[in-house]
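Here the structure is laid out as structure tokens; the discussion comes afterwards.
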Amino acid sequence: MAGTEPVSAAVNRRRFLLASGATAAAGVAGTSAGALLPRQRQDPAVEPAARTVAQRPPRSAPRAAPYALTTLETTARLGGSAHTGTYRRLVSGPGWPLVVRKELATPGAGRQDRRTPLACFVQFTDLHLADVQNPLRTEFLRSRGASSWRAQEALTVAGAVALVEQVNALGGGPNTRLRPAFVMTTGDNVDNNSAIELEWFLTVMSGGRITPNTGDPRAYEGAQNSGLPLFWHPGDPHLRDLDKRRGLPLIPGFLAAATRPITSPGLRIPWYSTVGNHDDLPGGCLSPALNDFAVGSRKLLSVSAGDAAAYAKALGSGDDPKSEVLKAILTRNAASARTVTADERRRLCTPHDYLAAHLDPAHAGAGPVGHGYTQDNLDGERMYYSFKVAENVLGISIDTTYRSGHYEGSLGSDQLRWLERTLAAHSSRSYDADGRLVRNSGADDAHILVFSHHHSPSMTRRPDAARTDEPRHDGAEVIALLSRFPNVVAWINGHSHVNRITPHAHATPARSFWEVNTASHVDYPHHARLIELTDNGDGTVSLFTTLVESAAPHRTARDFDDLSAVGLASLYREVAYNAPGLAESMKVGVQEGWAGGPGDRNAELVVAGGSAAA
């Protein structure tokens, strides 16, 4: 789960996920060995998109790829009108224009004619690949509110495969002509911190066959054929469940299709991995001590109002012993739980397991082996590293998770010191904590991009029971550190499930940078970002952030009878767009908020720096 605001009594699982949503010398143990990339190639078939919002028409004529593969050209929209309880089909709507953001630096006239392309890559975030039959899931919270469970979750693998297919189809970036050189995932790659989900994620990214089913290989055993009207039963023509009453369709064969094997082509370009709270912790906030329940044979789908309220309170407060409360509820209600087939593949992953799986050559795909992590990371269970994005561009991936069990994020002191050393090693000019100028003639002055799962508002200072001897540092402290280094261009992250781009301005303009927060691929609006970096030749650089949808068609089959992998990926998006409350909220602009405003979507983010900087 992800976000920053507290959970109300009527627990909204998605909003909660939004609200709840190792020390080596810089450039040695923390640096990804063998991860250096060649200078990125331009695609001569693609003309850079240089027009601003004022110059670009609201709807332009269809253009050659890659424009038709991004939201510059078209976006998925709900068709029809918003009426409570009515399921709405998706249609292709107009694209979103490029917005120039100039809060941090003045865009120079004619920069599009003199800019030098530096880098192009794609960000995935919050895929939440989910084993929906896992006994440790807390679907029973739906009794507290309709939004506490996702009807589309059984289709996360099909949706992720369609996203990989889209990236493979991208040509050169619309603003640089550079072909994307890699994909960076910024965490919550899986949902339940289980070994089988991690295997699915690594296979989606690197290529291979996946069977998104656990327990009984011949049958689905979960909420959607439980007979409980709290949940959408797509294959049951007799049960008038909560979701069918609000318009979700009857789809015979849905569960069989959702659990059958699917093949991912794997990314044709290298990919890197950043860890999120769901990758590190069951449910994104629970204790690894609950492993016995995860691999067991009792799945709890319904509890008393008192038990649901007790767990909701524990989740909302953040400080209550959530895992102990859940353990008591699972134990107390074991007799009424559904019997399912136990499966050892649902075991919870330790940080060592997570790193070892990434380093397994079987999951190397297009590389690099380890996807940013090295043997040095494994030996120290350090889940942070730096790598070369492109010539004169450095990427830094940090670990913001609380390993003891919390959905919020932070950095430990050891990692914060490593981050400071890494920044200093690539900055000839920086500032100390008191604002005094520091010079380092041996630094290479790279443009710096920082990647994490948590965004700054979701990073807090609280003790981490798994690392009791180490002070923790919040988002404000990370912002303060990054602002000391003029080479930092952007901090790129996820967790919130919302598209939001925030300028972090400083009184000294060169010390300003952008924070790029990208929505999830499990909830509306199902976005990834194509990110391009240019030197404008006038003392500024521009970071272009173009949103990308998956390769699945916007329109689903008229009678919902296309249960192919492509059909399921389309259905995955459409059901997500029909989540409880989203359609109705269009009247007050909340849905727009999840997708972000115009400046949070397809944007040119201008910041001081570049070849003409003083």
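Starting from 1 in every chain, residues are counted up; chains themselves are A, B, ... following the order of the structure tokens, and ligands are numbered from 1 as listed.
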Leaving out Thr502 of chain A and any residue of its chain fewer than 3 positions from it, which residues lie within 7 Å of it when counting only C-alpha atoms, given as an mmCIF file with N, CA, C and O atoms, in the first residue's frame?
data_model
loop_
_atom_site.group_PDB
_atom_site.id
_atom_site.type_symbol
_atom_site.label_atom_id
_atom_site.label_comp_id
_atom_site.auth_asym_id
_atom_site.auth_seq_id
_atom_site.Cartn_x
_atom_site.Cartn_y
_atom_site.Cartn_z
ATOM 1 N N TRP A 514 14.143 18.936 -9.212
ATOM 2 C CA TRP A 514 12.766 18.472 -9.359
ATOM 3 C C TRP A 514 12.557 17.127 -8.673
ATOM 4 O O TRP A 514 13.461 16.295 -8.652
ATOM 5 N N GLU A 515 11.360 16.938 -8.127
ATOM 6 C CA GLU A 515 10.953 15.619 -7.638
ATOM 7 C C GLU A 515 9.838 15.105 -8.547
ATOM 8 O O GLU A 515 8.795 15.747 -8.679
ATOM 9 N N VAL A 516 10.067 13.961 -9.185
ATOM 10 C CA VAL A 516 9.128 13.378 -10.137
ATOM 11 C C VAL A 516 8.514 12.137 -9.510
ATOM 12 O O VAL A 516 9.175 11.113 -9.337
#
- All strand (DSSP E) positions in segment 325-427 of chain A, as a PyMOL selection string: chain A and resi 338-339+385-390+393-397+401-402+406-409+411-412
Just to be explicit: take each residue in the selection above, keep C-alpha atoms, and write the result as a compact mmCIF listing (two decimals), in the first residue's frame.
# COMPACT_ATOMS: atom_id res chain seq x y z
CA ARG A 338 -11.54 -20.99 3.79
CA THR A 339 -9.39 -24.09 3.38
CA TYR A 385 23.89 1.42 -5.46
CA SER A 386 24.97 3.87 -8.17
CA PHE A 387 25.27 3.25 -11.91
CA LYS A 388 26.09 5.06 -15.13
CA VAL A 389 22.89 6.21 -16.84
CA ALA A 390 24.75 7.59 -19.88
CA VAL A 393 24.89 11.12 -16.23
CA LEU A 394 24.88 9.21 -12.93
CA GLY A 395 21.98 7.28 -11.40
CA ILE A 396 21.71 6.59 -7.66
CA SER A 397 19.18 4.03 -6.37
CA THR A 401 12.18 0.95 3.46
CA TYR A 402 11.60 0.24 7.16
CA HIS A 406 6.02 0.13 8.23
CA TYR A 407 4.59 1.53 5.02
CA GLU A 408 6.41 4.85 5.39
CA GLY A 409 10.02 5.34 4.38
CA LEU A 411 17.06 6.53 5.22
CA GLY A 412 19.45 5.19 7.82
- For atom CA of Pro135 of chain A and atom CA of Ala294 of chain A, quote the distance in Å rounded to one decimal. 5.3 Å
- Message: Given only C-alpha atoms as the basis, pick out the residue of A:Ser410, A:Ser92, A:Ser206, A:Ser336 nearest to Thr74 of chain A.
- Response: A:Ser92
Might you pull out every residue within 6 Å of Gln224 of chain A, with only C-alpha atoms counted and same-chain residues fewer than 3 positions away left off, and present them as a compact mmCIF listing (two decimals) with all heavy atoms, in the first residue's frame?
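Output saved as result-v3.txt:
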# COMPACT_ATOMS: atom_id res chain seq x y z
N PHE A 231 -17.28 -9.60 -2.84
CA PHE A 231 -16.29 -9.61 -3.90
C PHE A 231 -16.92 -9.92 -5.25
O PHE A 231 -17.89 -10.66 -5.36
CB PHE A 231 -15.22 -10.67 -3.59
CG PHE A 231 -14.63 -10.54 -2.22
CD1 PHE A 231 -14.97 -11.43 -1.21
CD2 PHE A 231 -13.74 -9.53 -1.91
CE1 PHE A 231 -14.44 -11.33 0.06
CE2 PHE A 231 -13.20 -9.40 -0.65
CZ PHE A 231 -13.55 -10.29 0.35
N TRP A 232 -16.30 -9.35 -6.30
CA TRP A 232 -16.73 -9.61 -7.67
C TRP A 232 -16.49 -11.06 -8.04
O TRP A 232 -15.38 -11.56 -7.96
CB TRP A 232 -15.94 -8.70 -8.62
CG TRP A 232 -16.28 -8.84 -10.07
CD1 TRP A 232 -17.51 -9.05 -10.63
CD2 TRP A 232 -15.35 -8.76 -11.17
NE1 TRP A 232 -17.41 -9.10 -12.00
CE2 TRP A 232 -16.10 -8.93 -12.35
CE3 TRP A 232 -13.98 -8.55 -11.26
CZ2 TRP A 232 -15.51 -8.90 -13.62
CZ3 TRP A 232 -13.39 -8.52 -12.51
CH2 TRP A 232 -14.15 -8.70 -13.68
N HIS A 233 -17.58 -11.75 -8.40
CA HIS A 233 -17.52 -13.13 -8.87
C HIS A 233 -17.81 -13.13 -10.37
O HIS A 233 -18.95 -13.33 -10.80
CB HIS A 233 -18.54 -14.00 -8.13
CG HIS A 233 -18.17 -14.31 -6.71
ND1 HIS A 233 -17.93 -13.34 -5.78
CD2 HIS A 233 -17.99 -15.51 -6.07
CE1 HIS A 233 -17.62 -13.90 -4.61
NE2 HIS A 233 -17.64 -15.22 -4.78
- Could you give me, as a PyMOL selection string, the residues within 10 Å of segment 321-325 of chain A, counting only C-alpha atoms and dropping anything in the same chain fewer than 2 positions from it? chain A and resi 282+285-290+307+310-319+327-330+405-406
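In terms of minimum interatomic distance to Glu532 of chain A, A:Arg179 ranks closest within A:Arg179, A:Arg245, A:Arg403, A:Arg101, counting only C-alpha atoms.
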- Note on the structure: re atom CA of Ala476 of chain A and atom CA of Pro457 of chain A: distance 8.1 Å
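Among the candidates A:Pro351, A:His238, A:Asn499, A:Gly597, the residue lying nearest to His526 of chain A is A:Asn499 (atoms considered: only C-alpha atoms).
Ranking A:Ala465, A:Leu228, A:Val541, A:Ala595 by their shortest atom-to-atom distance to Ala119 of chain A, with only C-alpha atoms included, puts A:Val541 first.
For the residues A:Asn517, A:Arg436, A:Ser297, A:Leu449, ranking by smallest atom-to-atom distance to Asp216 of chain A using only C-alpha atoms places A:Ser297 first.
Distances to Arg555 of chain A were evaluated for A:Leu69, A:Ala76, A:Leu118, A:Ala195 using only C-alpha atoms, and the minimum falls at A:Ala76.
Between atom CA of Ala424 of chain A and atom CA of Arg114 of chain A there is a distance of 29.3 Å.
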- Item | Ala151 of chain A surroundings by only C-alpha atoms, 10 Å radius, close-in-sequence under 6 positions cut, as a PyMOL selection string | chain A and resi 223-224+231-234+243+248+572+575-576+578-580
Arg345 of chain A environment, 8 Å, only C-alpha atoms, sequence neighbours closer than 6 positions dropped, as a PDB file with N, CA and C atoms, in the first residue's frame:
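Below you can see around.pdb, which holds the result:
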ATOM      1  N   SER A 194       6.308 -12.180  -1.456  1.00  0.00           N
ATOM      2  CA  SER A 194       6.436 -13.642  -1.512  1.00  0.00           C
ATOM      3  C   SER A 194       7.414 -14.068  -2.597  1.00  0.00           C
ATOM      4  N   ALA A 195       7.983 -15.269  -2.411  1.00  0.00           N
ATOM      5  CA  ALA A 195       8.967 -15.785  -3.364  1.00  0.00           C
ATOM      6  C   ALA A 195       8.364 -15.979  -4.740  1.00  0.00           C
ATOM      7  N   ILE A 196       7.128 -16.446  -4.823  1.00  0.00           N
ATOM      8  CA  ILE A 196       6.524 -16.703  -6.122  1.00  0.00           C
ATOM      9  C   ILE A 196       6.246 -15.401  -6.859  1.00  0.00           C
ATOM     10  N   THR A 214      -1.292 -20.166  -7.696  1.00  0.00           N
ATOM     11  CA  THR A 214      -0.632 -20.876  -6.605  1.00  0.00           C
ATOM     12  C   THR A 214      -1.640 -21.805  -5.953  1.00  0.00           C
ATOM     13  N   VAL A 295       2.272 -19.415   4.077  1.00  0.00           N
ATOM     14  CA  VAL A 295       2.451 -20.718   3.430  1.00  0.00           C
ATOM     15  C   VAL A 295       1.430 -21.744   3.904  1.00  0.00           C
TER      16      VAL A 295
END
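Secondary structure from DSSP on the backbone puts alpha helix (DSSP H) at the following positions of segment 368-477 of chain A: Gln375, Asp376, Asn377, Leu378, Asp379, Gly380, Ser413, Asp414, Gln415, Leu416, Arg417, Trp418, Leu419, Glu420, Arg421, Thr422, Leu423, Ala424, Ala425, Gly475, Ala476 and Glu477 of chain A.
Near Thr259 of chain A, within 8 Å and counting only C-alpha atoms, sit Ala154, Thr211, Pro212, Asn213 and Tyr220 of chain A; same-chain residues fewer than 5 positions away were not included.
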Could the residues in this selection be written to a file with C-alpha atoms, as a short mmCIF file (atom, residue, chain, number, x, y, z; two decimals), in the first residue's frame?
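Output below, filename out.cif:
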data_model
loop_
_atom_site.label_atom_id
_atom_site.label_comp_id
_atom_site.auth_asym_id
_atom_site.auth_seq_id
_atom_site.Cartn_x
_atom_site.Cartn_y
_atom_site.Cartn_z
CA ALA A 154 -5.94 -11.13 -10.53
CA THR A 211 1.69 -19.33 -14.41
CA PRO A 212 -0.02 -16.72 -12.19
CA ASN A 213 -1.57 -19.38 -9.97
CA TYR A 220 -8.55 -20.95 -8.21
#
